[in-house]
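Pasted below: query19.tsv, TSV, N, CA and C atoms.
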```
chain	number	residue	atom	x	y	z
E	1	MET	N	33.37	44.77	6.06
E	1	MET	CA	34.53	43.94	6.23
E	1	MET	C	34.45	42.75	5.28
E	2	SER	N	35.54	42.46	4.58
E	2	SER	CA	35.52	41.33	3.66
E	2	SER	C	35.53	40.02	4.44
E	3	LYS	N	34.96	39.02	3.83
E	3	LYS	CA	34.87	37.71	4.47
E	3	LYS	C	35.05	36.64	3.40
E	4	LEU	N	35.84	35.63	3.71
E	4	LEU	CA	36.02	34.50	2.82
E	4	LEU	C	35.53	33.25	3.53
E	5	ASP	N	34.61	32.54	2.91
E	5	ASP	CA	34.14	31.26	3.44
E	5	ASP	C	34.70	30.15	2.57
E	6	HIS	N	35.50	29.29	3.18
E	6	HIS	CA	36.08	28.15	2.47
E	6	HIS	C	35.17	26.95	2.74
E	7	LEU	N	34.43	26.55	1.73
E	7	LEU	CA	33.45	25.49	1.89
E	7	LEU	C	34.07	24.12	1.62
E	8	ARG	N	33.55	23.12	2.29
E	8	ARG	CA	33.95	21.73	2.06
E	8	ARG	C	32.71	20.95	1.63
E	9	PRO	N	32.37	20.99	0.35
E	9	PRO	CA	31.17	20.32	-0.11
E	9	PRO	C	31.24	18.81	0.14
E	10	SER	N	30.15	18.26	0.64
E	10	SER	CA	30.12	16.82	0.85
E	10	SER	C	30.19	16.15	-0.51
E	11	GLY	N	30.90	15.04	-0.55
E	11	GLY	CA	31.07	14.32	-1.80
E	11	GLY	C	32.33	14.68	-2.54
E	12	LEU	N	33.01	15.78	-2.14
E	12	LEU	CA	34.29	16.15	-2.76
E	12	LEU	C	35.42	15.84	-1.79
E	13	HIS	N	36.47	15.24	-2.29
E	13	HIS	CA	37.64	14.91	-1.47
E	13	HIS	C	38.27	16.18	-0.90
E	14	HIS	N	38.54	16.20	0.39
E	14	HIS	CA	39.21	17.36	1.00
E	14	HIS	C	40.71	17.24	0.75
E	15	ASN	N	41.29	18.26	0.14
E	15	ASN	CA	42.73	18.32	-0.10
E	15	ASN	C	43.25	19.54	0.64
E	16	PRO	N	44.21	19.37	1.55
E	16	PRO	CA	44.70	20.51	2.33
E	16	PRO	C	45.47	21.54	1.51
E	17	ALA	N	45.79	21.24	0.24
E	17	ALA	CA	46.56	22.16	-0.59
E	17	ALA	C	45.70	23.24	-1.25
E	18	TYR	N	44.38	23.02	-1.31
E	18	TYR	CA	43.52	24.02	-1.94
E	18	TYR	C	42.09	23.85	-1.43
E	19	SER	N	41.27	24.86	-1.67
E	19	SER	CA	39.85	24.80	-1.34
E	19	SER	C	39.06	24.60	-2.62
E	20	HIS	N	38.05	23.74	-2.57
E	20	HIS	CA	37.21	23.54	-3.76
E	20	HIS	C	36.35	24.77	-4.04
E	21	VAL	N	35.85	25.40	-2.97
E	21	VAL	CA	34.94	26.52	-3.13
E	21	VAL	C	35.30	27.60	-2.12
E	22	VAL	N	35.42	28.83	-2.60
E	22	VAL	CA	35.62	29.98	-1.71
E	22	VAL	C	34.55	31.00	-2.07
E	23	VAL	N	33.76	31.38	-1.08
E	23	VAL	CA	32.73	32.39	-1.27
E	23	VAL	C	33.28	33.69	-0.68
E	24	ALA	N	33.38	34.72	-1.51
E	24	ALA	CA	33.99	35.98	-1.09
E	24	ALA	C	32.93	37.06	-0.96
E	25	SER	N	32.99	37.79	0.16
E	25	SER	CA	32.16	38.96	0.37
E	25	SER	C	33.09	40.11	0.66
E	26	GLY	N	33.00	41.17	-0.09
E	26	GLY	CA	33.87	42.32	0.11
E	26	GLY	C	33.58	43.37	-0.93
E	27	ALA	N	34.18	44.53	-0.73
E	27	ALA	CA	33.90	45.66	-1.60
E	27	ALA	C	34.89	45.78	-2.76
E	28	ARG	N	36.07	45.17	-2.64
E	28	ARG	CA	37.10	45.33	-3.67
E	28	ARG	C	37.56	43.97	-4.17
E	29	THR	N	37.62	43.84	-5.47
E	29	THR	CA	38.18	42.64	-6.07
E	29	THR	C	39.48	43.06	-6.75
E	30	ILE	N	40.54	42.31	-6.49
E	30	ILE	CA	41.87	42.61	-7.01
E	30	ILE	C	42.27	41.49	-7.96
E	31	TYR	N	42.60	41.85	-9.18
E	31	TYR	CA	43.04	40.88	-10.18
E	31	TYR	C	44.53	41.09	-10.41
E	32	ILE	N	45.31	40.04	-10.16
E	32	ILE	CA	46.76	40.15	-10.32
E	32	ILE	C	47.18	39.33	-11.53
E	33	SER	N	47.83	40.00	-12.47
E	33	SER	CA	48.33	39.32	-13.67
E	33	SER	C	49.26	38.19	-13.29
E	34	GLY	N	49.41	37.25	-14.21
E	34	GLY	CA	50.33	36.16	-13.98
E	34	GLY	C	51.71	36.68	-13.65
E	35	GLN	N	52.24	36.22	-12.52
E	35	GLN	CA	53.57	36.61	-12.08
E	35	GLN	C	54.55	35.51	-12.45
E	36	VAL	N	55.74	35.92	-12.84
E	36	VAL	CA	56.79	34.97	-13.22
E	36	VAL	C	58.01	35.23	-12.35
E	37	SER	N	59.02	34.39	-12.53
E	37	SER	CA	60.20	34.44	-11.67
E	37	SER	C	61.24	35.44	-12.17
E	38	VAL	N	60.93	36.72	-11.97
E	38	VAL	CA	61.88	37.77	-12.30
E	38	VAL	C	61.99	38.72	-11.12
E	39	ASP	N	63.15	39.37	-11.01
E	39	ASP	CA	63.33	40.36	-9.95
E	39	ASP	C	62.91	41.73	-10.45
E	40	GLU	N	63.16	42.75	-9.65
E	40	GLU	CA	62.73	44.11	-9.97
E	40	GLU	C	63.32	44.63	-11.28
E	41	GLU	N	64.51	44.14	-11.64
E	41	GLU	CA	65.15	44.57	-12.89
E	41	GLU	C	64.77	43.68	-14.07
E	42	GLY	N	63.91	42.69	-13.85
E	42	GLY	CA	63.49	41.81	-14.92
E	42	GLY	C	64.41	40.63	-15.17
E	43	ARG	N	65.36	40.41	-14.26
E	43	ARG	CA	66.28	39.27	-14.39
E	43	ARG	C	65.60	38.01	-13.87
E	44	VAL	N	65.81	36.91	-14.56
E	44	VAL	CA	65.24	35.62	-14.15
E	44	VAL	C	65.88	35.19	-12.83
E	45	VAL	N	65.04	34.74	-11.92
E	45	VAL	CA	65.50	34.20	-10.64
E	45	VAL	C	65.26	32.70	-10.66
E	46	GLY	N	66.28	31.91	-10.32
E	46	GLY	CA	66.13	30.46	-10.24
E	46	GLY	C	66.07	29.76	-11.58
E	47	ALA	N	66.90	30.19	-12.52
E	47	ALA	CA	66.89	29.56	-13.85
E	47	ALA	C	67.00	28.04	-13.73
E	48	GLY	N	66.06	27.34	-14.35
E	48	GLY	CA	66.08	25.88	-14.37
E	48	GLY	C	65.64	25.21	-13.08
E	49	ASP	N	65.25	25.97	-12.06
E	49	ASP	CA	64.90	25.44	-10.74
E	49	ASP	C	63.43	25.77	-10.42
E	50	LEU	N	62.56	24.78	-10.58
E	50	LEU	CA	61.12	25.01	-10.40
E	50	LEU	C	60.78	25.47	-8.99
E	51	ALA	N	61.41	24.90	-7.97
E	51	ALA	CA	61.12	25.31	-6.59
E	51	ALA	C	61.51	26.77	-6.37
E	52	ALA	N	62.69	27.16	-6.81
E	52	ALA	CA	63.16	28.55	-6.66
E	52	ALA	C	62.26	29.50	-7.44
E	53	GLN	N	61.86	29.11	-8.64
E	53	GLN	CA	60.99	29.97	-9.43
E	53	GLN	C	59.61	30.11	-8.78
E	54	THR	N	59.08	29.03	-8.22
E	54	THR	CA	57.78	29.10	-7.55
E	54	THR	C	57.85	30.04	-6.36
E	55	THR	N	58.92	29.96	-5.59
E	55	THR	CA	59.09	30.85	-4.44
E	55	THR	C	59.15	32.31	-4.89
E	56	GLN	N	59.90	32.60	-5.94
E	56	GLN	CA	59.99	33.98	-6.44
E	56	GLN	C	58.65	34.47	-6.96
E	57	VAL	N	57.94	33.60	-7.66
E	57	VAL	CA	56.62	33.97	-8.17
E	57	VAL	C	55.69	34.33	-7.00
E	58	MET	N	55.71	33.53	-5.95
E	58	MET	CA	54.86	33.79	-4.79
E	58	MET	C	55.28	35.09	-4.09
E	59	GLN	N	56.57	35.36	-4.02
E	59	GLN	CA	57.03	36.63	-3.46
E	59	GLN	C	56.55	37.80	-4.31
E	60	ASN	N	56.59	37.66	-5.63
E	60	ASN	CA	56.10	38.70	-6.52
E	60	ASN	C	54.60	38.92	-6.32
E	61	LEU	N	53.85	37.83	-6.16
E	61	LEU	CA	52.42	37.96	-5.86
E	61	LEU	C	52.23	38.74	-4.56
E	62	GLY	N	53.05	38.46	-3.56
E	62	GLY	CA	52.97	39.17	-2.29
E	62	GLY	C	53.18	40.66	-2.45
E	63	MET	N	54.14	41.06	-3.28
E	63	MET	CA	54.38	42.48	-3.52
E	63	MET	C	53.19	43.13	-4.22
E	64	ALA	N	52.60	42.41	-5.18
E	64	ALA	CA	51.42	42.93	-5.88
E	64	ALA	C	50.25	43.06	-4.91
E	65	LEU	N	50.05	42.07	-4.07
E	65	LEU	CA	48.98	42.12	-3.07
E	65	LEU	C	49.18	43.31	-2.13
E	66	LYS	N	50.40	43.47	-1.64
E	66	LYS	CA	50.69	44.56	-0.71
E	66	LYS	C	50.39	45.92	-1.34
E	67	ALA	N	50.76	46.07	-2.61
E	67	ALA	CA	50.51	47.33	-3.31
E	67	ALA	C	49.02	47.65	-3.38
E	68	ALA	N	48.19	46.60	-3.37
E	68	ALA	CA	46.74	46.78	-3.43
E	68	ALA	C	46.11	46.78	-2.04
E	69	GLY	N	46.94	46.76	-0.99
E	69	GLY	CA	46.42	46.76	0.37
E	69	GLY	C	45.86	45.41	0.79
E	70	ALA	N	46.42	44.34	0.24
E	70	ALA	CA	45.93	43.00	0.53
E	70	ALA	C	47.09	42.10	0.95
E	71	SER	N	46.77	40.86	1.29
E	71	SER	CA	47.78	39.87	1.65
E	71	SER	C	47.36	38.52	1.09
E	72	TYR	N	48.20	37.51	1.32
E	72	TYR	CA	47.90	36.17	0.83
E	72	TYR	C	46.56	35.68	1.36
E	73	SER	N	46.19	36.11	2.56
E	73	SER	CA	44.93	35.65	3.15
E	73	SER	C	43.71	36.18	2.41
E	74	ASN	N	43.88	37.18	1.55
E	74	ASN	CA	42.78	37.74	0.77
E	74	ASN	C	42.60	37.05	-0.58
E	75	ILE	N	43.52	36.15	-0.94
E	75	ILE	CA	43.42	35.48	-2.22
E	75	ILE	C	42.25	34.51	-2.21
E	76	VAL	N	41.41	34.63	-3.23
E	76	VAL	CA	40.25	33.78	-3.40
E	76	VAL	C	40.57	32.64	-4.37
E	77	LYS	N	41.34	32.94	-5.42
E	77	LYS	CA	41.60	31.97	-6.48
E	77	LYS	C	42.97	32.21	-7.09
E	78	ILE	N	43.71	31.14	-7.29
E	78	ILE	CA	44.96	31.23	-8.04
E	78	ILE	C	44.91	30.23	-9.20
E	79	THR	N	45.57	30.61	-10.27
E	79	THR	CA	45.74	29.71	-11.41
E	79	THR	C	47.23	29.62	-11.67
E	80	THR	N	47.72	28.40	-11.73
E	80	THR	CA	49.14	28.14	-11.91
E	80	THR	C	49.36	27.48	-13.27
E	81	PHE	N	50.29	28.03	-14.03
E	81	PHE	CA	50.65	27.49	-15.34
E	81	PHE	C	52.08	26.95	-15.24
E	82	VAL	N	52.28	25.69	-15.61
E	82	VAL	CA	53.59	25.05	-15.47
E	82	VAL	C	54.02	24.48	-16.82
E	83	VAL	N	55.22	24.86	-17.23
E	83	VAL	CA	55.76	24.37	-18.50
E	83	VAL	C	56.12	22.89	-18.36
E	84	GLY	N	55.66	22.09	-19.33
E	84	GLY	CA	56.01	20.66	-19.35
E	84	GLY	C	55.56	19.92	-18.12
E	85	TYR	N	54.37	20.23	-17.63
E	85	TYR	CA	53.89	19.64	-16.37
E	85	TYR	C	53.85	18.12	-16.42
E	86	LYS	N	54.34	17.52	-15.33
E	86	LYS	CA	54.24	16.08	-15.08
E	86	LYS	C	53.84	15.94	-13.61
E	87	ALA	N	53.17	14.87	-13.26
E	87	ALA	CA	52.67	14.67	-11.90
E	87	ALA	C	53.76	14.81	-10.84
E	88	GLU	N	54.97	14.42	-11.15
E	88	GLU	CA	56.05	14.50	-10.15
E	88	GLU	C	56.47	15.94	-9.83
E	89	LEU	N	56.01	16.91	-10.61
E	89	LEU	CA	56.31	18.32	-10.32
E	89	LEU	C	55.38	18.92	-9.26
E	90	ARG	N	54.21	18.32	-9.11
E	90	ARG	CA	53.22	18.88	-8.18
E	90	ARG	C	53.73	19.03	-6.75
E	91	PRO	N	54.42	18.03	-6.18
E	91	PRO	CA	54.92	18.23	-4.81
E	91	PRO	C	55.96	19.36	-4.70
E	92	ILE	N	56.74	19.57	-5.73
E	92	ILE	CA	57.73	20.66	-5.72
E	92	ILE	C	57.01	21.99	-5.66
E	93	ILE	N	56.01	22.16	-6.51
E	93	ILE	CA	55.23	23.39	-6.54
E	93	ILE	C	54.47	23.57	-5.23
E	94	GLY	N	53.83	22.49	-4.78
E	94	GLY	CA	53.04	22.54	-3.56
E	94	GLY	C	53.85	22.94	-2.35
E	95	LYS	N	55.04	22.37	-2.20
E	95	LYS	CA	55.89	22.69	-1.05
E	95	LYS	C	56.29	24.16	-1.06
E	96	ALA	N	56.70	24.66	-2.20
E	96	ALA	CA	57.13	26.07	-2.29
E	96	ALA	C	55.94	27.00	-2.07
E	97	ARG	N	54.80	26.67	-2.63
E	97	ARG	CA	53.62	27.53	-2.54
E	97	ARG	C	52.97	27.50	-1.16
E	98	SER	N	52.93	26.32	-0.54
E	98	SER	CA	52.21	26.18	0.73
E	98	SER	C	52.80	27.04	1.84
E	99	ALA	N	54.07	27.34	1.78
E	99	ALA	CA	54.71	28.18	2.81
E	99	ALA	C	54.04	29.56	2.89
E	100	PHE	N	53.47	30.01	1.80
E	100	PHE	CA	52.85	31.34	1.76
E	100	PHE	C	51.41	31.33	2.27
E	101	PHE	N	50.84	30.13	2.45
E	101	PHE	CA	49.47	30.01	2.96
E	101	PHE	C	49.44	29.31	4.31
E	102	GLU	N	50.61	29.22	4.96
E	102	GLU	CA	50.71	28.52	6.24
E	102	GLU	C	49.79	29.16	7.28
E	103	GLY	N	49.06	28.31	7.99
E	103	GLY	CA	48.19	28.79	9.05
E	103	GLY	C	46.87	29.37	8.57
E	104	MET	N	46.57	29.24	7.29
E	104	MET	CA	45.29	29.76	6.77
E	104	MET	C	44.71	28.77	5.78
E	105	GLU	N	43.44	28.93	5.50
E	105	GLU	CA	42.80	28.10	4.48
E	105	GLU	C	43.36	28.50	3.12
E	106	PRO	N	43.72	27.53	2.30
E	106	PRO	CA	44.24	27.87	0.97
E	106	PRO	C	43.11	28.31	0.04
E	107	PRO	N	43.46	29.07	-0.99
E	107	PRO	CA	42.44	29.54	-1.94
E	107	PRO	C	41.99	28.41	-2.88
E	108	ALA	N	40.96	28.69	-3.64
E	108	ALA	CA	40.62	27.81	-4.75
E	108	ALA	C	41.80	27.86	-5.72
E	109	SER	N	42.05	26.75	-6.41
E	109	SER	CA	43.27	26.68	-7.21
E	109	SER	C	43.08	25.79	-8.43
E	110	THR	N	43.70	26.22	-9.52
E	110	THR	CA	43.75	25.41	-10.74
E	110	THR	C	45.19	25.36	-11.21
E	111	LEU	N	45.65	24.16	-11.61
E	111	LEU	CA	46.99	23.99	-12.15
E	111	LEU	C	46.85	23.52	-13.59
E	112	VAL	N	47.54	24.22	-14.50
E	112	VAL	CA	47.45	23.91	-15.92
E	112	VAL	C	48.85	23.68	-16.48
E	113	GLY	N	49.03	22.54	-17.13
E	113	GLY	CA	50.28	22.28	-17.83
E	113	GLY	C	50.25	22.97	-19.18
E	114	VAL	N	51.35	23.64	-19.52
E	114	VAL	CA	51.44	24.35	-20.79
E	114	VAL	C	52.74	23.96	-21.51
E	115	THR	N	52.78	24.23	-22.79
E	115	THR	CA	53.99	23.93	-23.56
E	115	THR	C	55.06	24.98	-23.35
E	116	ALA	N	54.63	26.24	-23.19
E	116	ALA	CA	55.59	27.34	-23.02
E	116	ALA	C	54.90	28.53	-22.38
E	117	LEU	N	55.72	29.41	-21.83
E	117	LEU	CA	55.26	30.70	-21.34
E	117	LEU	C	55.87	31.77	-22.24
E	118	ALA	N	55.70	33.03	-21.91
E	118	ALA	CA	56.13	34.12	-22.79
E	118	ALA	C	57.64	34.20	-22.97
E	119	ALA	N	58.42	33.68	-22.03
E	119	ALA	CA	59.88	33.65	-22.18
E	119	ALA	C	60.35	32.22	-21.90
E	120	PRO	N	61.32	31.74	-22.64
E	120	PRO	CA	61.74	30.34	-22.51
E	120	PRO	C	62.35	30.00	-21.14
E	121	GLU	N	62.84	30.98	-20.39
E	121	GLU	CA	63.45	30.72	-19.08
E	121	GLU	C	62.41	30.48	-17.98
E	122	TRP	N	61.20	30.92	-18.22
E	122	TRP	CA	60.16	30.81	-17.20
E	122	TRP	C	59.57	29.41	-17.17
E	123	LEU	N	59.51	28.83	-15.97
E	123	LEU	CA	58.97	27.50	-15.80
E	123	LEU	C	57.55	27.52	-15.23
E	124	ILE	N	57.19	28.63	-14.57
E	124	ILE	CA	55.91	28.70	-13.87
E	124	ILE	C	55.39	30.13	-13.89
E	125	GLU	N	54.08	30.26	-13.94
E	125	GLU	CA	53.42	31.57	-13.87
E	125	GLU	C	52.16	31.38	-13.02
E	126	ILE	N	51.92	32.31	-12.10
E	126	ILE	CA	50.74	32.22	-11.24
E	126	ILE	C	50.01	33.55	-11.24
E	127	GLU	N	48.69	33.48	-11.50
E	127	GLU	CA	47.83	34.66	-11.41
E	127	GLU	C	46.89	34.48	-10.22
E	128	ALA	N	46.37	35.60	-9.70
E	128	ALA	CA	45.54	35.51	-8.51
E	128	ALA	C	44.39	36.51	-8.56
E	129	VAL	N	43.32	36.17	-7.84
E	129	VAL	CA	42.21	37.06	-7.60
E	129	VAL	C	42.06	37.14	-6.09
E	130	ALA	N	41.97	38.37	-5.57
E	130	ALA	CA	41.83	38.58	-4.12
E	130	ALA	C	40.64	39.49	-3.88
E	131	VAL	N	40.07	39.42	-2.68
E	131	VAL	CA	38.94	40.25	-2.30
E	131	VAL	C	39.24	40.89	-0.95
E	132	THR	N	39.04	42.21	-0.87
E	132	THR	CA	39.22	42.95	0.39
E	132	THR	C	38.06	43.90	0.57
E	133	ASP	N	38.09	44.62	1.68
E	133	ASP	CA	37.07	45.65	1.93
E	133	ASP	C	37.22	46.81	0.99
```
Once you've parsed the file, please lay out its structure as structure tokens.
Amino acid sequence: MSKLDHLRPSGLHHNPAYSHVVVASGARTIYISGQVSVDEEGRVVGAGDLAAQTTQVMQNLGMALKAAGASYSNIVKITTFVVGYKAELRPIIGKARSAFFEGMEPPASTLVGVTALAAPEWLIEIEAVAVTD
């Protein structure tokens, strides 16, 4: 059975939005490519709206997880790439993303500001690593 231990190292500030350290034990590691805000036909969802795009990206991650027999609770690490990142964008991303981790310990997380993504309409891209049995 897979197990995730979310550690709270002494000396590091506890932030409820992410875990500093996640120790994963399991037989399968799932790597999910960066997901962007497109629907099944490749159409952009939420053009110009970071909150809407973050929600779509998280829904896309959920579909990828489900296909691999996993769920959000199996995510060990996410990396978020945001076009033109400024500190005032973090609460928008956090609010949209946190709904998908409600009632569970959040994964380890890194947020990176970038100049651009592969398509000019995309504002955010999130990749994930999950561990299951």
Worksheet item: Among chain E, which residues carry a DSSP assignment of strand (DSSP E), reported as a ChimeraX atom specification?
Response: /E:3-7,21-25,28-35,75-83,108-114,124-132
Worksheet item: What lies within 6.5 Å of segment 45-61 of chain E using all atoms listed in the file, ignoring chain neighbours under 2 positions off, as a PyMOL selection string?
Response: chain E and resi 35-39+43+63-66+92-93+96-97+121+123-124+126
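When all atoms listed in the file are used to compute distances to Lys86 of chain E, the closest of the residues E:Pro120, E:Gly113, E:Gly69, E:Pro9 turns out to be E:Gly113.
Of the listed residues (E:His13, E:His20, E:Arg28, E:His6), E:Arg28 comes nearest to Asp133 of chain E; the distances count all atoms listed in the file.
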Worksheet entry | Nearby residues (all atoms listed in the file) at most 7 Å from Pro107 of chain E, same-chain spacing under 5 positions excluded, as number ranges by chain | E: 17-22, 75-78
Discussion item. So that I can check the secondary structure, give me every residue of segment 59-101 of chain E assigned alpha helix (DSSP H) by backbone DSSP, as a ChimeraX atom specification.
Written reply: /E:59-67,90-98
